[in-house]
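Next comes target-v9.csv, with CSV, N, CA and C atoms.
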chain,number,residue,atom,x,y,z
A,505,MET,N,74.6,86.5,100.0
A,505,MET,CA,74.6,86.4,101.4
A,505,MET,C,73.7,87.5,102.0
A,506,ALA,N,72.8,87.2,102.8
A,506,ALA,CA,71.8,88.2,103.4
A,506,ALA,C,72.6,89.1,104.4
A,507,GLN,N,72.1,90.3,104.5
A,507,GLN,CA,72.7,91.3,105.4
A,507,GLN,C,72.9,90.8,106.8
A,508,SER,N,71.9,90.1,107.4
A,508,SER,CA,72.0,89.6,108.7
A,508,SER,C,73.1,88.6,108.9
A,509,GLU,N,73.3,87.8,107.8
A,509,GLU,CA,74.4,86.8,107.8
A,509,GLU,C,75.7,87.5,107.9
A,510,VAL,N,75.9,88.5,107.1
A,510,VAL,CA,77.1,89.3,107.1
A,510,VAL,C,77.4,89.8,108.5
A,511,THR,N,76.4,90.4,109.2
A,511,THR,CA,76.6,91.0,110.5
A,511,THR,C,76.9,89.9,111.5
A,512,VAL,N,76.3,88.7,111.4
A,512,VAL,CA,76.7,87.6,112.3
A,512,VAL,C,78.1,87.2,112.1
A,513,LEU,N,78.6,87.1,110.8
A,513,LEU,CA,79.9,86.8,110.6
A,513,LEU,C,80.9,87.8,111.1
A,514,LEU,N,80.6,89.1,111.0
A,514,LEU,CA,81.4,90.1,111.6
A,514,LEU,C,81.5,90.0,113.2
A,515,GLN,N,80.3,89.7,113.8
A,515,GLN,CA,80.3,89.5,115.2
A,515,GLN,C,81.1,88.3,115.6
A,516,VAL,N,81.0,87.2,115.0
A,516,VAL,CA,81.8,86.0,115.3
A,516,VAL,C,83.3,86.3,115.1
A,517,ALA,N,83.6,86.9,114.0
A,517,ALA,CA,85.0,87.3,113.8
A,517,ALA,C,85.6,88.2,114.9
A,518,ASP,N,84.8,89.2,115.3
A,518,ASP,CA,85.2,90.0,116.4
A,518,ASP,C,85.3,89.3,117.7
A,519,CYS,N,84.4,88.4,118.0
A,519,CYS,CA,84.5,87.6,119.2
A,519,CYS,C,85.8,86.7,119.2
A,520,ILE,N,86.1,86.1,118.1
A,520,ILE,CA,87.3,85.3,118.0
A,520,ILE,C,88.6,86.2,118.2
A,521,CYS,N,88.5,87.4,117.6
A,521,CYS,CA,89.7,88.3,117.7
A,521,CYS,C,89.8,88.8,119.2
A,522,LEU,N,88.8,89.1,119.8
A,522,LEU,CA,88.8,89.6,121.2
A,522,LEU,C,89.2,88.5,122.2
A,523,MET,N,88.5,87.4,122.1
A,523,MET,CA,88.6,86.4,123.2
A,523,MET,C,89.8,85.4,122.9
A,524,SER,N,90.2,85.2,121.7
A,524,SER,CA,91.3,84.2,121.4
A,524,SER,C,92.6,84.8,120.8
A,525,LEU,N,92.5,85.9,120.2
A,525,LEU,CA,93.7,86.4,119.4
A,525,LEU,C,94.3,87.6,120.1
A,526,GLY,N,93.7,88.1,121.2
A,526,GLY,CA,94.3,89.2,121.9
A,526,GLY,C,94.1,90.6,121.2
A,527,HIS,N,93.1,90.7,120.3
A,527,HIS,CA,92.8,92.0,119.7
A,527,HIS,C,91.8,92.7,120.7
A,528,LEU,N,92.4,93.4,121.6
A,528,LEU,CA,91.6,94.0,122.7
A,528,LEU,C,90.7,95.2,122.2
A,529,ASP,N,90.9,95.6,121.0
A,529,ASP,CA,90.0,96.7,120.5
A,529,ASP,C,88.9,96.2,119.6
A,530,ALA,N,88.7,94.8,119.5
A,530,ALA,CA,87.6,94.3,118.7
A,530,ALA,C,86.3,94.4,119.5
A,531,ILE,N,85.3,94.8,118.8
A,531,ILE,CA,84.0,95.0,119.5
A,531,ILE,C,82.9,94.2,118.8
A,532,PRO,N,82.5,93.0,119.4
A,532,PRO,CA,81.4,92.3,118.9
A,532,PRO,C,80.1,93.0,119.1
A,533,VAL,N,79.5,93.5,118.1
A,533,VAL,CA,78.3,94.3,118.3
A,533,VAL,C,77.1,93.4,118.2
A,534,ASP,N,76.6,93.1,119.4
A,534,ASP,CA,75.4,92.3,119.6
A,534,ASP,C,74.2,93.1,119.9
A,535,THR,N,73.1,92.5,120.3
A,535,THR,CA,71.9,93.3,120.6
A,535,THR,C,72.1,94.2,121.8
A,536,HIS,N,72.8,93.7,122.8
A,536,HIS,CA,73.1,94.5,124.0
A,536,HIS,C,73.9,95.8,123.7
A,537,ILE,N,75.0,95.6,123.0
A,537,ILE,CA,75.9,96.7,122.6
A,537,ILE,C,75.1,97.7,121.7
A,538,TYR,N,74.3,97.2,120.8
A,538,TYR,CA,73.5,98.1,120.0
A,538,TYR,C,72.6,98.9,120.8
A,539,GLN,N,71.9,98.3,121.8
A,539,GLN,CA,71.0,99.0,122.7
A,539,GLN,C,71.8,100.1,123.5
A,540,ILE,N,72.9,99.7,124.0
A,540,ILE,CA,73.7,100.7,124.8
A,540,ILE,C,74.2,101.8,123.9
A,541,ALA,N,74.6,101.5,122.7
A,541,ALA,CA,75.0,102.6,121.8
A,541,ALA,C,73.9,103.5,121.4
A,542,VAL,N,72.7,103.0,121.2
A,542,VAL,CA,71.6,103.8,120.8
A,542,VAL,C,71.2,104.7,122.0
A,543,GLN,N,71.1,104.1,123.2
A,543,GLN,CA,70.6,104.8,124.4
A,543,GLN,C,71.6,105.9,124.9
A,544,ARG,N,72.9,105.6,124.8
A,544,ARG,CA,73.9,106.5,125.4
A,544,ARG,C,74.8,107.3,124.5
A,545,TYR,N,75.0,106.8,123.3
A,545,TYR,CA,76.1,107.4,122.4
A,545,TYR,C,75.6,107.8,121.0
A,546,LEU,N,74.8,107.0,120.4
A,546,LEU,CA,74.4,107.2,119.0
A,546,LEU,C,72.9,107.2,118.8
A,547,PRO,N,72.2,108.1,119.4
A,547,PRO,CA,70.7,108.1,119.3
A,547,PRO,C,70.2,108.2,117.9
A,548,HIS,N,70.9,108.6,117.0
A,548,HIS,CA,70.4,108.7,115.6
A,548,HIS,C,70.2,107.3,115.0
A,549,LEU,N,70.7,106.3,115.6
A,549,LEU,CA,70.5,104.9,115.2
A,549,LEU,C,69.2,104.3,115.6
A,550,ARG,N,68.5,105.0,116.5
A,550,ARG,CA,67.3,104.5,117.1
A,550,ARG,C,66.3,104.3,115.9
A,551,GLY,N,65.5,103.2,116.0
A,551,GLY,CA,64.5,102.9,115.1
A,551,GLY,C,65.0,102.0,113.9
A,552,ARG,N,66.3,101.8,113.8
A,552,ARG,CA,66.8,100.9,112.7
A,552,ARG,C,66.4,99.5,113.0
A,553,LYS,N,65.9,98.8,112.0
A,553,LYS,CA,65.3,97.5,112.1
A,553,LYS,C,66.4,96.4,112.1
A,554,THR,N,67.5,96.7,111.3
A,554,THR,CA,68.6,95.8,111.3
A,554,THR,C,69.9,96.5,111.4
A,555,VAL,N,70.9,95.8,111.9
A,555,VAL,CA,72.3,96.4,112.0
A,555,VAL,C,73.0,96.0,110.7
A,556,THR,N,73.2,97.0,109.9
A,556,THR,CA,74.0,96.7,108.6
A,556,THR,C,75.5,96.7,109.0
A,557,ASP,N,76.3,96.4,108.0
A,557,ASP,CA,77.7,96.4,108.3
A,557,ASP,C,78.2,97.8,108.5
A,558,LYS,N,77.6,98.8,107.9
A,558,LYS,CA,77.9,100.2,108.1
A,558,LYS,C,77.6,100.6,109.5
A,559,ILE,N,76.4,100.3,110.0
A,559,ILE,CA,76.1,100.6,111.4
A,559,ILE,C,77.0,99.8,112.4
A,560,TYR,N,77.2,98.5,112.1
A,560,TYR,CA,78.1,97.7,112.9
A,560,TYR,C,79.5,98.4,113.1
A,561,ASN,N,80.0,98.8,111.9
A,561,ASN,CA,81.3,99.5,112.0
A,561,ASN,C,81.3,100.9,112.7
A,562,GLU,N,80.2,101.6,112.5
A,562,GLU,CA,80.0,102.9,113.2
A,562,GLU,C,80.0,102.7,114.7
A,563,ILE,N,79.3,101.7,115.2
A,563,ILE,CA,79.3,101.4,116.6
A,563,ILE,C,80.7,101.0,117.1
A,564,GLY,N,81.3,100.1,116.4
A,564,GLY,CA,82.6,99.7,116.8
A,564,GLY,C,83.6,100.8,116.8
A,565,ASP,N,83.6,101.6,115.8
A,565,ASP,CA,84.5,102.8,115.7
A,565,ASP,C,84.2,103.8,116.8
A,566,HIS,N,83.0,104.0,117.2
A,566,HIS,CA,82.7,104.9,118.3
A,566,HIS,C,83.2,104.4,119.6
A,567,PHE,N,83.0,103.1,119.9
A,567,PHE,CA,83.5,102.5,121.1
A,567,PHE,C,85.1,102.6,121.1
A,568,ARG,N,85.7,102.4,120.0
A,568,ARG,CA,87.2,102.5,119.9
A,568,ARG,C,87.6,103.9,120.2
A,569,SER,N,86.8,104.9,119.7
A,569,SER,CA,87.2,106.3,119.9
A,569,SER,C,87.1,106.7,121.4
A,570,LEU,N,86.1,106.0,122.1
A,570,LEU,CA,85.9,106.3,123.5
A,570,LEU,C,86.9,105.6,124.4
A,571,TYR,N,87.2,104.3,124.1
A,571,TYR,CA,87.9,103.4,125.0
A,571,TYR,C,89.3,103.0,124.5
A,572,GLY,N,89.6,103.4,123.3
A,572,GLY,CA,90.9,103.1,122.7
A,572,GLY,C,91.2,101.6,122.5
A,573,SER,N,92.5,101.3,122.9
A,573,SER,CA,92.9,99.9,122.6
A,573,SER,C,92.3,98.9,123.5
A,574,LEU,N,91.6,99.3,124.5
A,574,LEU,CA,90.9,98.3,125.4
A,574,LEU,C,89.4,98.3,125.2
A,575,ALA,N,88.9,98.8,124.0
A,575,ALA,CA,87.5,98.9,123.8
A,575,ALA,C,86.8,97.5,123.9
A,576,GLY,N,87.5,96.5,123.5
A,576,GLY,CA,86.8,95.1,123.7
A,576,GLY,C,86.5,94.8,125.1
A,577,TRP,N,87.3,95.2,126.0
A,577,TRP,CA,87.0,94.9,127.4
A,577,TRP,C,85.9,95.9,127.9
A,578,ALA,N,85.9,97.1,127.4
A,578,ALA,CA,84.7,97.9,127.7
A,578,ALA,C,83.4,97.3,127.2
A,579,HIS,N,83.5,96.7,126.1
A,579,HIS,CA,82.3,95.9,125.6
A,579,HIS,C,81.9,94.9,126.6
A,580,THR,N,82.8,94.1,127.1
A,580,THR,CA,82.5,93.1,128.1
A,580,THR,C,81.9,93.7,129.3
A,581,VAL,N,82.5,94.7,129.8
A,581,VAL,CA,81.9,95.4,131.1
A,581,VAL,C,80.5,95.9,130.8
A,582,CYS,N,80.3,96.6,129.7
A,582,CYS,CA,79.0,97.1,129.3
A,582,CYS,C,78.0,96.0,129.2
A,583,THR,N,78.3,94.9,128.6
A,583,THR,CA,77.4,93.8,128.5
A,583,THR,C,77.0,93.2,129.9
A,584,ILE,N,78.0,93.1,130.8
A,584,ILE,CA,77.7,92.6,132.1
A,584,ILE,C,76.8,93.5,132.9
A,585,ALA,N,77.0,94.8,132.7
A,585,ALA,CA,76.3,95.9,133.4
A,585,ALA,C,74.9,96.0,133.0
A,586,VAL,N,74.5,95.5,131.9
A,586,VAL,CA,73.1,95.7,131.4
A,586,VAL,C,72.2,94.8,132.1
Go ahead and express the file in the form of structure tokens.
Amino acid sequence: MAQSEVTVLLQVADCICLMSLGHLDAIPVDTHIYQIAVQRYLPHLRGRKTVTDKIYNEIGDHFRSLYGSLAGWAHTVCTIAV
């Protein structure tokens, strides 16, 4: 399975967890969240051509460290604000 397919599967799983299963700390890392993370929180990720599962988890973990158990809703607000 290609790396981009793995990342898409992670994103879909996190969307299902957040929107349907009540896991409010799930962070679907899409293009918008990646851009927000690079611009505001994790500038060392700038210039990466693909989001690997390691980067995906790093971004999710960082958002969870900032916003705790409601990090998924922070994701939603950040996406709307962009």
Quiz item: When you draw a straight line from atom N of Ile540 in chain A to atom C of Met523 in chain A, how long is it in Å?
Solution: 22.2 Å
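Here the question is which of A:Ser508, A:Leu574, A:Arg550, A:Pro532 gets nearest to Ile520 in chain A using only C-alpha atoms, and that residue is A:Pro532.
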Quiz item: Got a sec: who's within 8 Å of range 565-573 of chain A, counting all atoms listed in the file, leaving out chain neighbours fewer than 5 positions off, as a ChimeraX atom specification?
Solution: /A:527-531,559-560,578-579
Exercise. Can you check which residues of chain A DSSP gives as alpha helix (DSSP H) on the backbone and send them as an MDAnalysis selection string?
Key: chainID A and resid 507:523 535:540 557:571 575:585
Serialized selection, N, CA and C atoms, as a CSV table (one decimal), in the coordinates of the input:
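Result file is selection.csv:
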chain,number,residue,atom,x,y,z
A,507,GLN,N,72.1,90.3,104.5
A,507,GLN,CA,72.7,91.3,105.4
A,507,GLN,C,72.9,90.8,106.8
A,508,SER,N,71.9,90.1,107.4
A,508,SER,CA,72.0,89.6,108.7
A,508,SER,C,73.1,88.6,108.9
A,509,GLU,N,73.3,87.8,107.8
A,509,GLU,CA,74.4,86.8,107.8
A,509,GLU,C,75.7,87.5,107.9
A,510,VAL,N,75.9,88.5,107.1
A,510,VAL,CA,77.1,89.3,107.1
A,510,VAL,C,77.4,89.8,108.5
A,511,THR,N,76.4,90.4,109.2
A,511,THR,CA,76.6,91.0,110.5
A,511,THR,C,76.9,89.9,111.5
A,512,VAL,N,76.3,88.7,111.4
A,512,VAL,CA,76.7,87.6,112.3
A,512,VAL,C,78.1,87.2,112.1
A,513,LEU,N,78.6,87.1,110.8
A,513,LEU,CA,79.9,86.8,110.6
A,513,LEU,C,80.9,87.8,111.1
A,514,LEU,N,80.6,89.1,111.0
A,514,LEU,CA,81.4,90.1,111.6
A,514,LEU,C,81.5,90.0,113.2
A,515,GLN,N,80.3,89.7,113.8
A,515,GLN,CA,80.3,89.5,115.2
A,515,GLN,C,81.1,88.3,115.6
A,516,VAL,N,81.0,87.2,115.0
A,516,VAL,CA,81.8,86.0,115.3
A,516,VAL,C,83.3,86.3,115.1
A,517,ALA,N,83.6,86.9,114.0
A,517,ALA,CA,85.0,87.3,113.8
A,517,ALA,C,85.6,88.2,114.9
A,518,ASP,N,84.8,89.2,115.3
A,518,ASP,CA,85.2,90.0,116.4
A,518,ASP,C,85.3,89.3,117.7
A,519,CYS,N,84.4,88.4,118.0
A,519,CYS,CA,84.5,87.6,119.2
A,519,CYS,C,85.8,86.7,119.2
A,520,ILE,N,86.1,86.1,118.1
A,520,ILE,CA,87.3,85.3,118.0
A,520,ILE,C,88.6,86.2,118.2
A,521,CYS,N,88.5,87.4,117.6
A,521,CYS,CA,89.7,88.3,117.7
A,521,CYS,C,89.8,88.8,119.2
A,522,LEU,N,88.8,89.1,119.8
A,522,LEU,CA,88.8,89.6,121.2
A,522,LEU,C,89.2,88.5,122.2
A,523,MET,N,88.5,87.4,122.1
A,523,MET,CA,88.6,86.4,123.2
A,523,MET,C,89.8,85.4,122.9
A,535,THR,N,73.1,92.5,120.3
A,535,THR,CA,71.9,93.3,120.6
A,535,THR,C,72.1,94.2,121.8
A,536,HIS,N,72.8,93.7,122.8
A,536,HIS,CA,73.1,94.5,124.0
A,536,HIS,C,73.9,95.8,123.7
A,537,ILE,N,75.0,95.6,123.0
A,537,ILE,CA,75.9,96.7,122.6
A,537,ILE,C,75.1,97.7,121.7
A,538,TYR,N,74.3,97.2,120.8
A,538,TYR,CA,73.5,98.1,120.0
A,538,TYR,C,72.6,98.9,120.8
A,539,GLN,N,71.9,98.3,121.8
A,539,GLN,CA,71.0,99.0,122.7
A,539,GLN,C,71.8,100.1,123.5
A,540,ILE,N,72.9,99.7,124.0
A,540,ILE,CA,73.7,100.7,124.8
A,540,ILE,C,74.2,101.8,123.9
A,557,ASP,N,76.3,96.4,108.0
A,557,ASP,CA,77.7,96.4,108.3
A,557,ASP,C,78.2,97.8,108.5
A,558,LYS,N,77.6,98.8,107.9
A,558,LYS,CA,77.9,100.2,108.1
A,558,LYS,C,77.6,100.6,109.5
A,559,ILE,N,76.4,100.3,110.0
A,559,ILE,CA,76.1,100.6,111.4
A,559,ILE,C,77.0,99.8,112.4
A,560,TYR,N,77.2,98.5,112.1
A,560,TYR,CA,78.1,97.7,112.9
A,560,TYR,C,79.5,98.4,113.1
A,561,ASN,N,80.0,98.8,111.9
A,561,ASN,CA,81.3,99.5,112.0
A,561,ASN,C,81.3,100.9,112.7
A,562,GLU,N,80.2,101.6,112.5
A,562,GLU,CA,80.0,102.9,113.2
A,562,GLU,C,80.0,102.7,114.7
A,563,ILE,N,79.3,101.7,115.2
A,563,ILE,CA,79.3,101.4,116.6
A,563,ILE,C,80.7,101.0,117.1
A,564,GLY,N,81.3,100.1,116.4
A,564,GLY,CA,82.6,99.7,116.8
A,564,GLY,C,83.6,100.8,116.8
A,565,ASP,N,83.6,101.6,115.8
A,565,ASP,CA,84.5,102.8,115.7
A,565,ASP,C,84.2,103.8,116.8
A,566,HIS,N,83.0,104.0,117.2
A,566,HIS,CA,82.7,104.9,118.3
A,566,HIS,C,83.2,104.4,119.6
A,567,PHE,N,83.0,103.1,119.9
A,567,PHE,CA,83.5,102.5,121.1
A,567,PHE,C,85.1,102.6,121.1
A,568,ARG,N,85.7,102.4,120.0
A,568,ARG,CA,87.2,102.5,119.9
A,568,ARG,C,87.6,103.9,120.2
A,569,SER,N,86.8,104.9,119.7
A,569,SER,CA,87.2,106.3,119.9
A,569,SER,C,87.1,106.7,121.4
A,570,LEU,N,86.1,106.0,122.1
A,570,LEU,CA,85.9,106.3,123.5
A,570,LEU,C,86.9,105.6,124.4
A,571,TYR,N,87.2,104.3,124.1
A,571,TYR,CA,87.9,103.4,125.0
A,571,TYR,C,89.3,103.0,124.5
A,575,ALA,N,88.9,98.8,124.0
A,575,ALA,CA,87.5,98.9,123.8
A,575,ALA,C,86.8,97.5,123.9
A,576,GLY,N,87.5,96.5,123.5
A,576,GLY,CA,86.8,95.1,123.7
A,576,GLY,C,86.5,94.8,125.1
A,577,TRP,N,87.3,95.2,126.0
A,577,TRP,CA,87.0,94.9,127.4
A,577,TRP,C,85.9,95.9,127.9
A,578,ALA,N,85.9,97.1,127.4
A,578,ALA,CA,84.7,97.9,127.7
A,578,ALA,C,83.4,97.3,127.2
A,579,HIS,N,83.5,96.7,126.1
A,579,HIS,CA,82.3,95.9,125.6
A,579,HIS,C,81.9,94.9,126.6
A,580,THR,N,82.8,94.1,127.1
A,580,THR,CA,82.5,93.1,128.1
A,580,THR,C,81.9,93.7,129.3
A,581,VAL,N,82.5,94.7,129.8
A,581,VAL,CA,81.9,95.4,131.1
A,581,VAL,C,80.5,95.9,130.8
A,582,CYS,N,80.3,96.6,129.7
A,582,CYS,CA,79.0,97.1,129.3
A,582,CYS,C,78.0,96.0,129.2
A,583,THR,N,78.3,94.9,128.6
A,583,THR,CA,77.4,93.8,128.5
A,583,THR,C,77.0,93.2,129.9
A,584,ILE,N,78.0,93.1,130.8
A,584,ILE,CA,77.7,92.6,132.1
A,584,ILE,C,76.8,93.5,132.9
A,585,ALA,N,77.0,94.8,132.7
A,585,ALA,CA,76.3,95.9,133.4
A,585,ALA,C,74.9,96.0,133.0
Quiz prompt | Shell around Thr556 in chain A at 12 Å using only C-alpha atoms, local window under 2 positions removed, as a list in words | solution = Ala506, Gln507, Ser508, Glu509, Val510, Thr511, Val512, Leu513, Leu514, Gln515, Val533, Asp534, Tyr538, Leu549, Arg552, Lys553, Thr554, Lys558, Ile559, Tyr560, Asn561, Glu562 and Ile563 of chain A
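For the pair atom N of Val542 in chain A and CA of Gly526 in chain A, the separation is 25.6 Å.
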Practice problem: Can you work out the spacing between atom C of Tyr545 in chain A and CA of Cys519 in chain A in Å, to one decimal? | Solution: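 So the two atoms, atom C of Tyr545 in chain A and CA of Cys519 in chain A, lie 22.1 Å apart.
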Practice problem: Write out as a ChimeraX atom specification each polymer residue whose atoms come within 8 Å of His536 in chain A, counting only N, CA and C atoms; drop sequence neighbours fewer than 5 positions from it. | Solution: /A:541-542,582-583,586
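When only C-alpha atoms are used to compute distances to Ala575 in chain A, the closest of the residues A:Ala517, A:Ile537, A:Ser524, A:Pro547 turns out to be A:Ile537.
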